[in-house]
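Colleague: Take a look at the following structure, please.
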Amino acid sequence: MPKPFGRAPISASHLRQIINGATDTAIISADSSGNINFWSLGAERLFGWSETEMFGQKLDRLFTPEDQERGLLAKEMHDALIYGRGGGDEGWRIRKNGTRMWAAGEMSPIRDGEGAVIGFTKVVRDRTAQRTAEQNAADERQALEILNRAGSALAAENDLTRLVQIVTDEGVALTGAEFGAFFYNLVDNSGESYTLYTLSGAPLEAFSRFPMPRNTQVFAPTFNGDGIVRSNDITKDPRYGHNAPRSGMPEGHLPVRSYLAVPVRSRTGEVLGGLFFGHAKTGVFTERSERGLAGLAAEAAVAIDNVRLAQSALRELSERKRAEEELRVLNATLEQQVIERTEQLHAKDEALRQSQKMEAVGQLTGGIAHDFNNLLQVIVGNLEALLRHLPADSARLQRAATQAMNGARRAAALTQRLLAFSRRQPLDPKPVNVNSLVQNTAELMHRSLGEPIAIETVLGSGLWRVEVDGNELEAALLNLAVNARDAMLDGGKLTIETSNAHLDEVYAANHAEVQAGQYVAICISDTGVGMPATTLNQVFEPFFTTKPVGKGTGLGLSQVYGFVKQSGGHVKIYSEVGQGTTVKLYLPRFLSETDSEPVDANLLPPEGSTEETILVLEDDDDVRAYSVESLRELGYRVIEAHDGPSALRLLERQPRVDLLFSDVVLPGGLTGAQVSSQALSIRPGLKVLFTTGYARNAIVHQGRLDRGVNLLTKPFTLSELAVKVRDVLDAPTGSDDH
């Protein structure tokens, strides 16, 4: 007969089997000092230590260093003694392998038959999976809230710069990054593309010392739009730079260890830019971070596309409104424009007629003056012979011959004026400092014009030089001064001003025989009686004068006109009755190599060595030929390429290349900067010198040349090329992976 079930005590062995049956729960007991004296199989499974390893160990060995430091075990034991239950809060616990487990545990006192506390029981349950699920759900909710918030903010934003800043800020909140950046591509008004960036979590100057990220393996997928790049420690990542892995970031750089980047692509697949985020700790970013950032990148792309479409529509609307306004104004002013255009054509016709008239008169007077000079040569020569051979006692005959000679000389002077007007006089042009000549002529005018006339000179600073006959220019100024004196009967003021001037195409089109360009202007103004418009139309004609008979020949202004025209210049006269007269002489600026400063023989351009090899990369055949010939003339060995792929192939084949001399803008899809990046991966010690004729290119941002970039701007001289190449070749070799 089996024994009936009774109330017999459970044996220790039976009790241990019951406790060890709870394999998902750790059941532990400790003495009153907290030393472990029982360790269940569930405890061994959860924590990893065996019962033998844990006997006699302090119970707080299971706690994190932070909880040990704040005395969590003592608090649980105190609460168990006072309240019958200690702990109960969830928290991190330490496993044997060093990993952490999120656990919930309670502590209860163990009492003897008389109620005295002889130890404690600790029950621990693993809550890691539940907490991870809860945390993931919370993170997903938070990410969704951030994306919704970002989407609302981006939808309401129409300023591209602020929009990109919002994306960067929200990206930091979404990923838990310490700092983030958004590099985005823009096109300026001239159609050139350039890159700007925003930062969040760090000031802009923290990155401004470093150039834009190069198209290396770690950056290329983002810039090319290929996919997401995540690295638990970028300083150990072989994709980052050709010197990786390395110990850290460059000096002064943000302390990036964890790295996460995604491209931002438009609806059409165009890469608008990239989101880059970092953290000083390792292993911060997860797959969830990737998903969140990819979602944010999509929101950013939609918002940017919308802003660009809106801006394009506004530009089209603005252009249409502008065209409509121009059409309205044109219709409203068409009649007036026809009148003005007709007047302009009449003025041009009159200027051309006057020029043709002056040219015809000039040819006539020049021919007469030429023939008259031949006659004067006979007269003057014979008078001179007479004066030499007349007897000393024939005073009457000597006086007559002398008077005849004076008359002949006056006739010769008139002839010279006729020749000046007709532009036939033999000039001796030389480089002239106009300010010095005017200053010297003004002193002569002081003595010639007398006290009633005040003379003031206003000399322009930085005045260009001219190439004229200095004596004839001085004579022209004296002629104008004498005319001004005759117009100021009761005295007055004569002002002579000098300045640099530019006559543009419009002015040249409205004035016959005027070439657009740079001139030195000499302005002579008086406070005399002035002239009416009918007189102004004739003032430069030979023998025309408003002076009484015997007071002038009418050749003074004709001489000035002819001299200035023969010198390639232009004359303009302004006058109003009672307000005085102003005459402006425009003389062409003198541009010549002989006008520059001499080169010091000790400052000759530095030469190179035939052992030093330079690769010239230039798509323009003429520019490349000039560069190659110049460098060979300086003594270097030179090889050449017309595009990026050709240059890279040469670099792979050539045994020695010391310098890459490359244009920035190249055909075939590769810019000079991209060729340089790939060239440096082939030859890490290669020196690079860029040349360009553009203001933002790929190596210039916000305004500043990228750090470590050498640039020689076009056009350049042989001396400038020699000095720059030598400087780059002689500079110490350094590395900059950023």
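Ligands are numbered from 1 in the order shown, residues from 1 within each chain, and chains are lettered A, B, ... in the order they appear in the structure tokens.
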What's around Glu611 of chain A at 10 Å? Count only C-alpha atoms, leave out sequence neighbours fewer than 2 positions away in its own chain, and write the answer as an NGL selection string.

Modeller: :A and (608-609 or 613-614 or 635-638 or 656-658)

Colleague: Can you write just those residues out, N, CA and C atoms, as a CSV table (one decimal), in the first residue's frame?

Modeller:
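Generated output (result03.csv):
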```csv
chain,number,residue,atom,x,y,z
A,608,GLY,N,64.9,75.6,-63.5
A,608,GLY,CA,64.8,74.3,-62.9
A,608,GLY,C,65.9,73.3,-63.4
A,609,SER,N,65.7,72.0,-63.1
A,609,SER,CA,66.6,71.0,-63.5
A,609,SER,C,66.0,70.0,-64.4
A,613,THR,N,60.7,66.6,-63.3
A,613,THR,CA,59.7,66.4,-64.4
A,613,THR,C,58.4,67.0,-63.9
A,614,ILE,N,57.8,67.8,-64.9
A,614,ILE,CA,56.5,68.4,-64.7
A,614,ILE,C,55.5,67.9,-65.7
A,635,GLY,N,64.2,75.1,-68.0
A,635,GLY,CA,65.1,74.0,-67.7
A,635,GLY,C,64.5,72.7,-67.2
A,636,TYR,N,63.2,72.6,-67.1
A,636,TYR,CA,62.5,71.4,-66.6
A,636,TYR,C,62.3,70.4,-67.7
A,637,ARG,N,62.1,69.1,-67.3
A,637,ARG,CA,61.7,68.1,-68.2
A,637,ARG,C,60.1,68.1,-68.2
A,638,VAL,N,59.5,68.2,-69.3
A,638,VAL,CA,58.0,68.4,-69.3
A,638,VAL,C,57.3,67.3,-70.1
A,656,ARG,N,59.2,59.1,-63.1
A,656,ARG,CA,59.4,60.2,-62.2
A,656,ARG,C,58.5,61.4,-62.7
A,657,VAL,N,57.7,61.9,-61.8
A,657,VAL,CA,56.9,63.1,-62.0
A,657,VAL,C,57.0,63.9,-60.7
A,658,ASP,N,57.5,65.1,-60.7
A,658,ASP,CA,57.7,65.9,-59.5
A,658,ASP,C,56.5,66.8,-59.2
```

Colleague: Hey, what's within 10 Å of segment 224-236 of chain A if we count only C-alpha atoms and toss same-chain stuff fewer than 3 positions away? As a compact mmCIF listing (two decimals) with N, CA and C atoms, in the first residue's frame, please?

Modeller:
```
# COMPACT_ATOMS: atom_id res chain seq x y z
N ASN A 215 36.99 63.01 -52.78
CA ASN A 215 36.18 61.90 -53.26
C ASN A 215 36.85 60.55 -52.99
N GLN A 217 37.18 56.75 -50.81
CA GLN A 217 36.22 55.64 -50.71
C GLN A 217 35.13 55.89 -49.68
N VAL A 218 35.48 56.60 -48.62
CA VAL A 218 34.49 56.79 -47.56
C VAL A 218 33.52 57.93 -47.90
N PHE A 219 33.95 58.89 -48.72
CA PHE A 219 33.08 60.01 -49.08
C PHE A 219 32.37 59.80 -50.42
N ALA A 220 33.00 59.04 -51.32
CA ALA A 220 32.48 58.91 -52.69
C ALA A 220 31.03 58.41 -52.75
N PRO A 221 30.63 57.36 -51.97
CA PRO A 221 29.25 56.90 -52.08
C PRO A 221 28.23 58.00 -51.78
N ARG A 239 38.77 52.69 -45.49
CA ARG A 239 38.21 53.48 -46.59
C ARG A 239 38.55 54.96 -46.47
N TYR A 240 38.98 55.41 -45.29
CA TYR A 240 39.19 56.84 -45.05
C TYR A 240 40.65 57.20 -45.27
N GLY A 241 40.97 57.76 -46.43
CA GLY A 241 42.33 58.24 -46.69
C GLY A 241 43.29 57.12 -46.99
N ASN A 243 46.20 56.84 -45.79
CA ASN A 243 47.07 56.56 -44.64
C ASN A 243 46.34 55.81 -43.53
N ALA A 244 45.07 55.47 -43.76
CA ALA A 244 44.30 54.78 -42.74
C ALA A 244 44.71 53.31 -42.68
N PRO A 245 44.51 52.60 -41.53
CA PRO A 245 44.02 53.22 -40.30
C PRO A 245 45.06 54.09 -39.60
N ARG A 246 44.57 55.08 -38.88
CA ARG A 246 45.50 55.97 -38.18
C ARG A 246 44.96 56.25 -36.79
N SER A 247 45.74 56.98 -36.02
CA SER A 247 45.42 57.11 -34.59
C SER A 247 44.31 58.10 -34.31
N GLY A 248 44.02 59.01 -35.21
CA GLY A 248 42.99 60.00 -34.93
C GLY A 248 42.79 60.95 -36.08
N MET A 249 41.98 62.00 -35.85
CA MET A 249 41.71 63.00 -36.87
C MET A 249 42.88 63.99 -36.94
N PRO A 255 36.42 65.85 -33.22
CA PRO A 255 36.85 64.50 -32.80
C PRO A 255 35.89 63.41 -33.27
N VAL A 256 35.90 63.10 -34.55
CA VAL A 256 34.98 62.12 -35.12
C VAL A 256 35.54 60.71 -34.90
N ARG A 257 34.70 59.83 -34.34
CA ARG A 257 35.01 58.39 -34.29
C ARG A 257 33.86 57.65 -35.00
N SER A 258 32.66 57.71 -34.44
CA SER A 258 31.50 57.13 -35.13
C SER A 258 31.13 58.04 -36.30
N TYR A 259 30.82 57.42 -37.45
CA TYR A 259 30.57 58.21 -38.67
C TYR A 259 29.37 57.61 -39.41
N LEU A 260 28.47 58.51 -39.87
CA LEU A 260 27.29 58.08 -40.62
C LEU A 260 26.99 59.14 -41.68
N ALA A 261 26.82 58.70 -42.93
CA ALA A 261 26.56 59.64 -44.02
C ALA A 261 25.58 59.02 -45.01
N VAL A 262 24.64 59.85 -45.53
CA VAL A 262 23.70 59.41 -46.56
C VAL A 262 23.62 60.48 -47.64
N PRO A 263 23.44 60.08 -48.90
CA PRO A 263 23.27 61.07 -49.97
C PRO A 263 21.84 61.63 -49.97
N VAL A 264 21.70 62.83 -50.50
CA VAL A 264 20.38 63.45 -50.68
C VAL A 264 20.16 63.57 -52.18
N ARG A 265 19.17 62.80 -52.67
CA ARG A 265 18.92 62.76 -54.11
C ARG A 265 17.55 63.35 -54.42
N GLY A 269 16.91 61.91 -59.46
CA GLY A 269 18.14 61.17 -59.19
C GLY A 269 19.36 62.05 -59.05
N GLU A 270 19.21 63.35 -59.24
CA GLU A 270 20.34 64.27 -59.10
C GLU A 270 20.80 64.29 -57.64
N VAL A 271 22.12 64.22 -57.42
CA VAL A 271 22.66 64.29 -56.07
C VAL A 271 22.70 65.75 -55.64
N LEU A 272 21.84 66.10 -54.69
CA LEU A 272 21.77 67.48 -54.20
C LEU A 272 22.83 67.77 -53.15
N GLY A 273 23.33 66.75 -52.50
CA GLY A 273 24.32 66.93 -51.44
C GLY A 273 24.40 65.69 -50.58
N GLY A 274 24.92 65.85 -49.37
CA GLY A 274 25.05 64.71 -48.47
C GLY A 274 24.95 65.13 -47.02
N LEU A 275 24.37 64.26 -46.19
CA LEU A 275 24.29 64.46 -44.75
C LEU A 275 25.41 63.66 -44.09
N PHE A 276 26.22 64.33 -43.26
CA PHE A 276 27.36 63.69 -42.60
C PHE A 276 27.25 63.94 -41.10
N PHE A 277 27.29 62.86 -40.30
CA PHE A 277 27.15 63.00 -38.85
C PHE A 277 28.26 62.23 -38.13
N GLY A 278 28.67 62.77 -36.98
CA GLY A 278 29.77 62.16 -36.24
C GLY A 278 29.57 62.22 -34.75
N HIS A 279 30.35 61.38 -34.05
CA HIS A 279 30.33 61.34 -32.59
C HIS A 279 31.73 60.97 -32.12
N ALA A 280 32.13 61.56 -30.98
CA ALA A 280 33.48 61.31 -30.46
C ALA A 280 33.64 59.88 -29.94
N LYS A 281 32.52 59.21 -29.60
CA LYS A 281 32.59 57.83 -29.13
C LYS A 281 32.45 56.87 -30.30
N THR A 282 32.86 55.63 -30.10
CA THR A 282 32.75 54.61 -31.14
C THR A 282 31.43 53.87 -31.02
N GLY A 283 30.96 53.32 -32.15
CA GLY A 283 29.80 52.44 -32.16
C GLY A 283 28.50 53.10 -31.77
N VAL A 284 28.35 54.40 -32.04
CA VAL A 284 27.13 55.11 -31.62
C VAL A 284 25.97 54.85 -32.57
N PHE A 285 26.24 54.77 -33.87
CA PHE A 285 25.17 54.70 -34.86
C PHE A 285 24.80 53.24 -35.16
N THR A 286 23.51 53.02 -35.40
CA THR A 286 22.96 51.69 -35.62
C THR A 286 22.18 51.66 -36.92
N GLU A 287 21.61 50.49 -37.21
CA GLU A 287 20.76 50.39 -38.40
C GLU A 287 19.55 51.31 -38.28
N SER A 289 19.59 54.18 -36.84
CA SER A 289 20.09 55.51 -37.20
C SER A 289 20.11 55.68 -38.72
N GLU A 290 20.53 54.61 -39.42
CA GLU A 290 20.56 54.65 -40.88
C GLU A 290 19.17 54.88 -41.45
N ARG A 291 18.19 54.11 -40.92
CA ARG A 291 16.82 54.24 -41.43
C ARG A 291 16.28 55.64 -41.19
N LEU A 293 17.97 58.46 -40.75
CA LEU A 293 18.66 59.47 -41.54
C LEU A 293 18.26 59.38 -43.01
N ALA A 294 18.04 58.14 -43.50
CA ALA A 294 17.59 57.98 -44.87
C ALA A 294 16.22 58.63 -45.07
```

Colleague: Select from segment 466-502 of chain A everything DSSP, run on the backbone, classes as strand (DSSP E or B), then give the selection as a list in words.

Modeller: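 Those in segment 466-502 of chain A that DSSP calls strand (DSSP E or B) are Val466, Glu467, Val468, Gly492, Lys493, Leu494, Thr495, Ile496, Glu497, Thr498, Ser499, Asn500, Ala501 and His502 of chain A.
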
Colleague: Could you write those residues out with N, CA and C atoms, as a PDB file, in the first residue's frame?

Modeller:
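Resulting contents of out_21.pdb:
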```pdb
ATOM      1  N   VAL A 466      51.295 109.695 -71.987  1.00  0.00           N
ATOM      2  CA  VAL A 466      50.859 109.757 -73.379  1.00  0.00           C
ATOM      3  C   VAL A 466      52.092 109.811 -74.265  1.00  0.00           C
ATOM      4  N   GLU A 467      51.913 109.493 -75.536  1.00  0.00           N
ATOM      5  CA  GLU A 467      53.012 109.595 -76.490  1.00  0.00           C
ATOM      6  C   GLU A 467      52.654 110.671 -77.516  1.00  0.00           C
ATOM      7  N   VAL A 468      53.210 111.870 -77.351  1.00  0.00           N
ATOM      8  CA  VAL A 468      52.932 113.003 -78.236  1.00  0.00           C
ATOM      9  C   VAL A 468      54.207 113.806 -78.435  1.00  0.00           C
ATOM     10  N   GLY A 492      39.987 137.504 -65.576  1.00  0.00           N
ATOM     11  CA  GLY A 492      39.182 136.350 -65.196  1.00  0.00           C
ATOM     12  C   GLY A 492      40.065 135.210 -64.713  1.00  0.00           C
ATOM     13  N   LYS A 493      39.524 134.006 -64.791  1.00  0.00           N
ATOM     14  CA  LYS A 493      40.236 132.846 -64.269  1.00  0.00           C
ATOM     15  C   LYS A 493      40.360 131.779 -65.352  1.00  0.00           C
ATOM     16  N   LEU A 494      41.550 131.250 -65.500  1.00  0.00           N
ATOM     17  CA  LEU A 494      41.827 130.154 -66.426  1.00  0.00           C
ATOM     18  C   LEU A 494      42.188 128.915 -65.606  1.00  0.00           C
ATOM     19  N   THR A 495      41.447 127.821 -65.811  1.00  0.00           N
ATOM     20  CA  THR A 495      41.671 126.584 -65.046  1.00  0.00           C
ATOM     21  C   THR A 495      42.109 125.478 -66.008  1.00  0.00           C
ATOM     22  N   ILE A 496      43.200 124.819 -65.627  1.00  0.00           N
ATOM     23  CA  ILE A 496      43.691 123.679 -66.422  1.00  0.00           C
ATOM     24  C   ILE A 496      43.643 122.440 -65.528  1.00  0.00           C
ATOM     25  N   GLU A 497      42.874 121.422 -65.959  1.00  0.00           N
ATOM     26  CA  GLU A 497      42.722 120.192 -65.186  1.00  0.00           C
ATOM     27  C   GLU A 497      43.212 118.998 -66.004  1.00  0.00           C
ATOM     28  N   THR A 498      43.759 118.004 -65.304  1.00  0.00           N
ATOM     29  CA  THR A 498      44.157 116.757 -65.949  1.00  0.00           C
ATOM     30  C   THR A 498      43.507 115.578 -65.233  1.00  0.00           C
ATOM     31  N   SER A 499      43.204 114.522 -65.983  1.00  0.00           N
ATOM     32  CA  SER A 499      42.585 113.335 -65.380  1.00  0.00           C
ATOM     33  C   SER A 499      42.687 112.169 -66.355  1.00  0.00           C
ATOM     34  N   ASN A 500      42.519 110.957 -65.819  1.00  0.00           N
ATOM     35  CA  ASN A 500      42.375 109.778 -66.668  1.00  0.00           C
ATOM     36  C   ASN A 500      40.921 109.668 -67.109  1.00  0.00           C
ATOM     37  N   ALA A 501      40.688 109.236 -68.339  1.00  0.00           N
ATOM     38  CA  ALA A 501      39.322 109.173 -68.863  1.00  0.00           C
ATOM     39  C   ALA A 501      39.156 107.933 -69.723  1.00  0.00           C
ATOM     40  N   HIS A 502      37.896 107.528 -69.874  1.00  0.00           N
ATOM     41  CA  HIS A 502      37.564 106.390 -70.747  1.00  0.00           C
ATOM     42  C   HIS A 502      36.415 106.799 -71.652  1.00  0.00           C
TER      43      HIS A 502
END
```

Colleague: Find the distance between atom CA of Gln678 of chain A and atom CA of Val728 of chain A and write it in Å to one decimal.

Modeller: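 Between these atoms lies a distance of 19.1 Å.
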
Colleague: Could you check how far atom CA of Pro667 of chain A sits from atom CA of Asp619 of chain A, in Å to one decimal?

Modeller: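 Rounded to one decimal, the two atoms are 7.2 Å apart.
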
Colleague: Which of these, A:Gly42, A:Gly517, A:Pro532, A:Pro65, has the shortest distance to Gly569 of chain A once you count only C-alpha atoms?

Modeller: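 Closest to Gly569 of chain A, using only C-alpha atoms: A:Gly517.
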
Colleague: What's around segment 519-521 of chain A at 12 Å? Count only C-alpha atoms, leave out sequence neighbours fewer than 5 positions away in its own chain, and write the answer as a JSON list (two decimals) with C-alpha atoms, in the first residue's frame.

Modeller:
```json
[["chain", "number", "residue", "atom", "x", "y", "z"],
["A", 432, "VAL", "CA", 55.28, 112.52, -71.98],
["A", 433, "ASN", "CA", 54.32, 113.12, -68.34],
["A", 434, "VAL", "CA", 51.34, 115.42, -68.90],
["A", 435, "ASN", "CA", 51.25, 116.76, -65.33],
["A", 438, "VAL", "CA", 51.10, 121.33, -67.80],
["A", 458, "VAL", "CA", 44.21, 120.83, -60.90],
["A", 459, "LEU", "CA", 46.45, 117.84, -61.60],
["A", 460, "GLY", "CA", 45.01, 114.33, -61.43],
["A", 461, "SER", "CA", 46.80, 111.69, -59.33],
["A", 462, "GLY", "CA", 48.05, 108.46, -60.91],
["A", 463, "LEU", "CA", 47.87, 110.06, -64.35],
["A", 464, "TRP", "CA", 48.75, 107.79, -67.28],
["A", 465, "ARG", "CA", 51.47, 108.73, -69.75],
["A", 466, "VAL", "CA", 50.86, 109.76, -73.38],
["A", 467, "GLU", "CA", 53.01, 109.59, -76.49],
["A", 468, "VAL", "CA", 52.93, 113.00, -78.24],
["A", 496, "ILE", "CA", 43.69, 123.68, -66.42],
["A", 497, "GLU", "CA", 42.72, 120.19, -65.19],
["A", 498, "THR", "CA", 44.16, 116.76, -65.95],
["A", 499, "SER", "CA", 42.58, 113.33, -65.38],
["A", 500, "ASN", "CA", 42.38, 109.78, -66.67],
["A", 501, "ALA", "CA", 39.32, 109.17, -68.86],
["A", 502, "HIS", "CA", 37.56, 106.39, -70.75],
["A", 503, "LEU", "CA", 35.58, 107.00, -73.94],
["A", 504, "ASP", "CA", 33.16, 104.10, -74.35],
["A", 514, "VAL", "CA", 36.89, 108.66, -82.16],
["A", 564, "VAL", "CA", 45.32, 116.36, -81.46],
["A", 567, "SER", "CA", 48.21, 112.35, -82.31],
["A", 568, "GLY", "CA", 45.24, 109.93, -82.38],
["A", 569, "GLY", "CA", 43.20, 112.00, -79.93],
["A", 570, "HIS", "CA", 39.93, 113.88, -79.75],
["A", 571, "VAL", "CA", 38.90, 117.52, -79.13],
["A", 572, "LYS", "CA", 35.61, 118.64, -77.64],
["A", 583, "VAL", "CA", 38.05, 122.88, -74.34],
["A", 584, "LYS", "CA", 38.83, 119.20, -73.64],
["A", 585, "LEU", "CA", 41.78, 117.47, -75.25],
["A", 586, "TYR", "CA", 41.77, 113.65, -75.13],
["A", 587, "LEU", "CA", 45.17, 112.05, -75.82],
["A", 588, "PRO", "CA", 45.48, 108.21, -76.02],
["A", 589, "ARG", "CA", 47.04, 106.44, -73.08],
["A", 590, "PHE", "CA", 50.57, 105.22, -73.88],
["A", 591, "LEU", "CA", 50.90, 101.45, -73.36]]
```

Colleague: Quick one: distance from atom CA of Leu536 of chain A to atom CA of Gly580 of chain A in Å, one decimal?

Modeller: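 Straight-line distance from atom CA of Leu536 of chain A to atom CA of Gly580 of chain A works out to 12.5 Å.
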
Colleague: Which one is closest to Pro429 of chain A: A:Ile19, A:Leu473, A:Met531, A:Val329? Count only C-alpha atoms.

Modeller: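 Result for the nearest residue to Pro429 of chain A: A:Leu473.
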